[in-house]
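Peer 1: Next up, coords-v4.cif (mmCIF, C-alpha atoms).
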data_data
#
loop_
_atom_site.group_PDB
_atom_site.id
_atom_site.type_symbol
_atom_site.label_atom_id
_atom_site.label_comp_id
_atom_site.auth_asym_id
_atom_site.auth_seq_id
_atom_site.Cartn_x
_atom_site.Cartn_y
_atom_site.Cartn_z
ATOM 1 C CA MET A 154 103.177 -97.313 -26.444
ATOM 2 C CA LYS A 155 103.582 -97.591 -22.688
ATOM 3 C CA THR A 156 104.527 -94.187 -21.247
ATOM 4 C CA LEU A 157 106.771 -92.920 -24.052
ATOM 5 C CA HIS A 158 104.324 -90.111 -24.758
ATOM 6 C CA VAL A 159 105.889 -88.147 -21.910
ATOM 7 C CA LEU A 160 108.876 -87.559 -24.227
ATOM 8 C CA GLN A 161 106.773 -85.518 -26.635
ATOM 9 C CA ARG A 162 106.578 -82.682 -24.120
ATOM 10 C CA TYR A 163 110.243 -81.965 -24.820
ATOM 11 C CA GLU A 164 110.606 -79.577 -27.744
ATOM 12 C CA LYS A 165 113.336 -77.274 -29.046
ATOM 13 C CA ARG A 166 116.010 -78.362 -26.645
ATOM 14 C CA GLN A 167 118.972 -80.660 -26.133
ATOM 15 C CA VAL A 168 119.136 -84.351 -25.252
ATOM 16 C CA VAL A 169 122.050 -86.484 -24.119
ATOM 17 C CA LEU A 170 121.784 -90.172 -25.100
ATOM 18 C CA SER A 171 123.958 -92.691 -23.274
ATOM 19 C CA VAL A 172 123.964 -96.263 -24.588
ATOM 20 C CA TYR A 173 124.997 -99.144 -22.335
ATOM 21 C CA THR A 174 125.407 -102.854 -22.992
ATOM 22 C CA ASP A 175 125.643 -104.980 -19.855
ATOM 23 C CA ASP A 176 126.202 -101.761 -17.848
ATOM 24 C CA GLU A 177 129.225 -100.784 -19.966
ATOM 25 C CA LEU A 178 129.017 -97.365 -21.630
ATOM 26 C CA MET A 179 129.192 -97.886 -25.396
ATOM 27 C CA SER A 180 128.451 -94.361 -26.610
ATOM 28 C CA ARG A 181 127.261 -90.955 -25.502
ATOM 29 C CA ASP A 182 125.940 -88.245 -27.788
ATOM 30 C CA GLY A 183 124.286 -84.891 -27.185
ATOM 31 C CA PHE A 184 122.382 -82.918 -29.783
ATOM 32 C CA PHE A 185 119.667 -80.317 -30.263
ATOM 33 C CA PHE A 186 116.261 -81.229 -31.674
ATOM 34 C CA ASP A 187 112.948 -79.510 -32.428
ATOM 35 C CA GLN A 188 110.526 -82.316 -31.654
ATOM 36 C CA ILE A 189 110.227 -86.016 -30.869
ATOM 37 C CA GLY A 190 108.130 -88.359 -32.967
ATOM 38 C CA LEU A 191 106.890 -91.723 -31.708
ATOM 39 C CA ASN A 192 106.302 -94.728 -33.938
ATOM 40 C CA PRO A 193 105.448 -98.252 -32.770
ATOM 41 C CA ASP A 194 109.053 -99.382 -33.205
ATOM 42 C CA ARG A 195 111.121 -96.216 -32.780
ATOM 43 C CA ILE A 196 111.630 -92.808 -31.208
ATOM 44 C CA VAL A 197 112.552 -90.169 -33.781
ATOM 45 C CA PHE A 198 114.372 -86.900 -33.048
ATOM 46 C CA ILE A 199 113.578 -84.208 -35.627
ATOM 47 C CA HIS A 200 115.521 -81.013 -36.308
ATOM 48 C CA ASN A 201 114.848 -78.612 -39.204
ATOM 49 C CA ASN A 202 112.138 -80.988 -40.491
ATOM 50 C CA ARG A 203 114.475 -83.963 -40.876
ATOM 51 C CA THR A 204 115.297 -86.997 -38.766
ATOM 52 C CA ILE A 205 118.645 -86.530 -37.054
ATOM 53 C CA ASN A 206 118.594 -89.532 -34.725
ATOM 54 C CA GLU A 207 116.334 -92.439 -33.879
ATOM 55 C CA ILE A 208 116.118 -95.112 -31.243
ATOM 56 C CA ILE A 209 114.772 -98.445 -32.401
ATOM 57 C CA ILE A 210 112.734 -100.121 -29.680
ATOM 58 C CA ASP A 211 111.913 -103.763 -29.190
ATOM 59 C CA PRO A 212 108.292 -104.671 -28.318
ATOM 60 C CA SER A 213 109.499 -105.956 -24.943
ATOM 61 C CA PHE A 214 111.179 -102.685 -23.888
ATOM 62 C CA GLN A 215 110.735 -101.096 -20.474
ATOM 63 C CA PHE A 216 110.546 -97.324 -20.143
ATOM 64 C CA ILE A 217 111.370 -95.883 -16.742
ATOM 65 C CA GLN A 218 111.933 -92.487 -15.208
ATOM 66 C CA LEU A 219 115.270 -92.324 -13.413
ATOM 67 C CA LEU A 220 115.356 -90.379 -10.170
ATOM 68 C CA GLU A 221 118.995 -89.243 -10.109
ATOM 69 C CA PHE A 222 118.161 -86.056 -12.072
ATOM 70 C CA SER A 223 115.075 -84.258 -13.313
ATOM 71 C CA HIS A 224 114.133 -85.056 -16.924
ATOM 72 C CA TYR A 225 116.090 -88.346 -16.903
ATOM 73 C CA TYR A 226 114.702 -91.563 -18.445
ATOM 74 C CA ALA A 227 115.846 -94.997 -19.583
ATOM 75 C CA ILE A 228 114.736 -97.528 -22.153
ATOM 76 C CA GLU A 229 115.767 -101.062 -21.267
ATOM 77 C CA GLN A 230 115.557 -103.999 -23.638
ATOM 78 C CA ASN A 231 117.477 -107.221 -23.114
ATOM 79 C CA ARG A 232 121.132 -106.316 -22.407
ATOM 80 C CA LEU A 233 120.763 -102.786 -23.833
ATOM 81 C CA ARG A 234 119.950 -99.664 -21.825
ATOM 82 C CA ILE A 235 119.574 -96.232 -23.408
ATOM 83 C CA GLU A 236 119.478 -93.291 -21.016
ATOM 84 C CA LEU A 237 117.908 -90.012 -22.145
ATOM 85 C CA TYR A 238 118.699 -86.813 -20.267
ATOM 86 C CA PHE A 239 117.108 -83.483 -21.168
ATOM 87 C CA PRO A 240 119.213 -80.721 -19.547
ATOM 88 C CA TYR A 241 117.977 -77.172 -19.232
#
I need this file expressed as structure tokens, please.
Peer 2:
Amino acid sequence: MKTLHVLQRYEKRQVVLSVYTDDELMSRDGFFFDQIGLNPDRIVFIHNNRTINEIIIDPSFQFIQLLEFSHYYAIEQNRLRIELYFPY
């Protein structure tokens, strides 16, 4: 699963998800979660033992660490980019 496993080190904290299509911001959402689960086709955010959000990933996705901030990543697939930021 490429380098997505780095996300599992984040537990019991907040994430901000920003979704872009063709570099245009489509949505931004922040929420608290307990853990992150990884499946072959999705990233699952779990809180109180239930799925509260998930990111569906295409087999051709690219996962990169962004350097603008600490704990800042992006998943790119076709025209879609999802940025994940884990603030302290």
Peer 1: At what distance in Å, to one decimal, does atom CA of Tyr226 of chain A lie from atom CA of Thr204 of chain A?
Peer 2: 20.8 Å
Peer 1: Mind giving me the straight-line distance from atom CA of Ile217 of chain A to atom CA of Arg234 of chain A in Å, one decimal?
Peer 2: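 Atom CA of Arg234 of chain A lies at a distance of 10.7 Å from atom CA of Ile217 of chain A.
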Peer 1: Distance atom CA of Val168 of chain A-atom CA of Gly183 of chain A, one decimal place?
Peer 2: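 For atom CA of Val168 of chain A relative to atom CA of Gly183 of chain A, the distance reads 5.5 Å.
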Peer 1: Might you pull out every residue within 12 Å of Asn192 of chain A, with only C-alpha atoms counted and same-chain residues fewer than 6 positions away left off, and present them as number ranges by chain?
Peer 2: A: 154-155, 157-158, 161, 198, 207-212
Peer 1: Hey, which of A:Ile205, A:Arg195, A:Leu178, A:Ser171 ends up closest to Leu237 of chain A? Count all atoms listed in the file.
Peer 2: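 Distance minimum relative to Leu237 of chain A lands on A:Ser171.
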Peer 1: May I ask which of the residues A:Glu221, A:Ser180, A:Leu160, A:Glu236 is the closest one to Ile196 of chain A, counting all atoms listed in the file?
Peer 2: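 The shortest atom-to-atom distance to Ile196 of chain A comes from A:Leu160.
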Peer 1: For the file shown, what are the residues hit by the PyMOL selection byres ((chain A and resi 166) around 7), laid out as a PyMOL selection string?
Peer 2: chain A and resi 164-165+167-168+185-187
Peer 1: With the PyMOL selection byres ((chain A and resi 230) around 7) as the selection, what would be picked from this file? Answer as a PDB file with C-alpha atoms, keeping the file's coordinate frame, please.
Peer 2:
ATOM      1  CA  ASP A 211     111.913-103.763 -29.190  1.00  0.00           C
ATOM      2  CA  SER A 213     109.499-105.956 -24.943  1.00  0.00           C
ATOM      3  CA  PHE A 214     111.179-102.685 -23.888  1.00  0.00           C
ATOM      4  CA  GLN A 215     110.735-101.096 -20.474  1.00  0.00           C
ATOM      5  CA  ILE A 228     114.736 -97.528 -22.153  1.00  0.00           C
ATOM      6  CA  GLU A 229     115.767-101.062 -21.267  1.00  0.00           C
ATOM      7  CA  ASN A 231     117.477-107.221 -23.114  1.00  0.00           C
ATOM      8  CA  ARG A 232     121.132-106.316 -22.407  1.00  0.00           C
ATOM      9  CA  LEU A 233     120.763-102.786 -23.833  1.00  0.00           C
ATOM     10  CA  ARG A 234     119.950 -99.664 -21.825  1.00  0.00           C
TER      11      ARG A 234
END
Peer 1: Check the smallest atom-to-atom distance from each of A:Ile235, A:Tyr225, A:Arg203, A:Phe216 to Gln188 of chain A using all atoms listed in the file, then report the winner.
Peer 2: A:Arg203
Peer 1: Smallest atom-to-atom distance to Leu170 of chain A: which of A:Asn206, A:Asp182, A:Pro193, A:His224, using only C-alpha atoms?
Peer 2: A:Asp182
Peer 1: Using only C-alpha atoms, which of the listed residues (A:Tyr163, A:Tyr173, A:Phe184, A:Phe222) sits closest to His200 of chain A?
Peer 2: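 Checking each of A:Tyr163, A:Tyr173, A:Phe184, A:Phe222 against His200 of chain A, counting only C-alpha atoms, the winner is A:Phe184.
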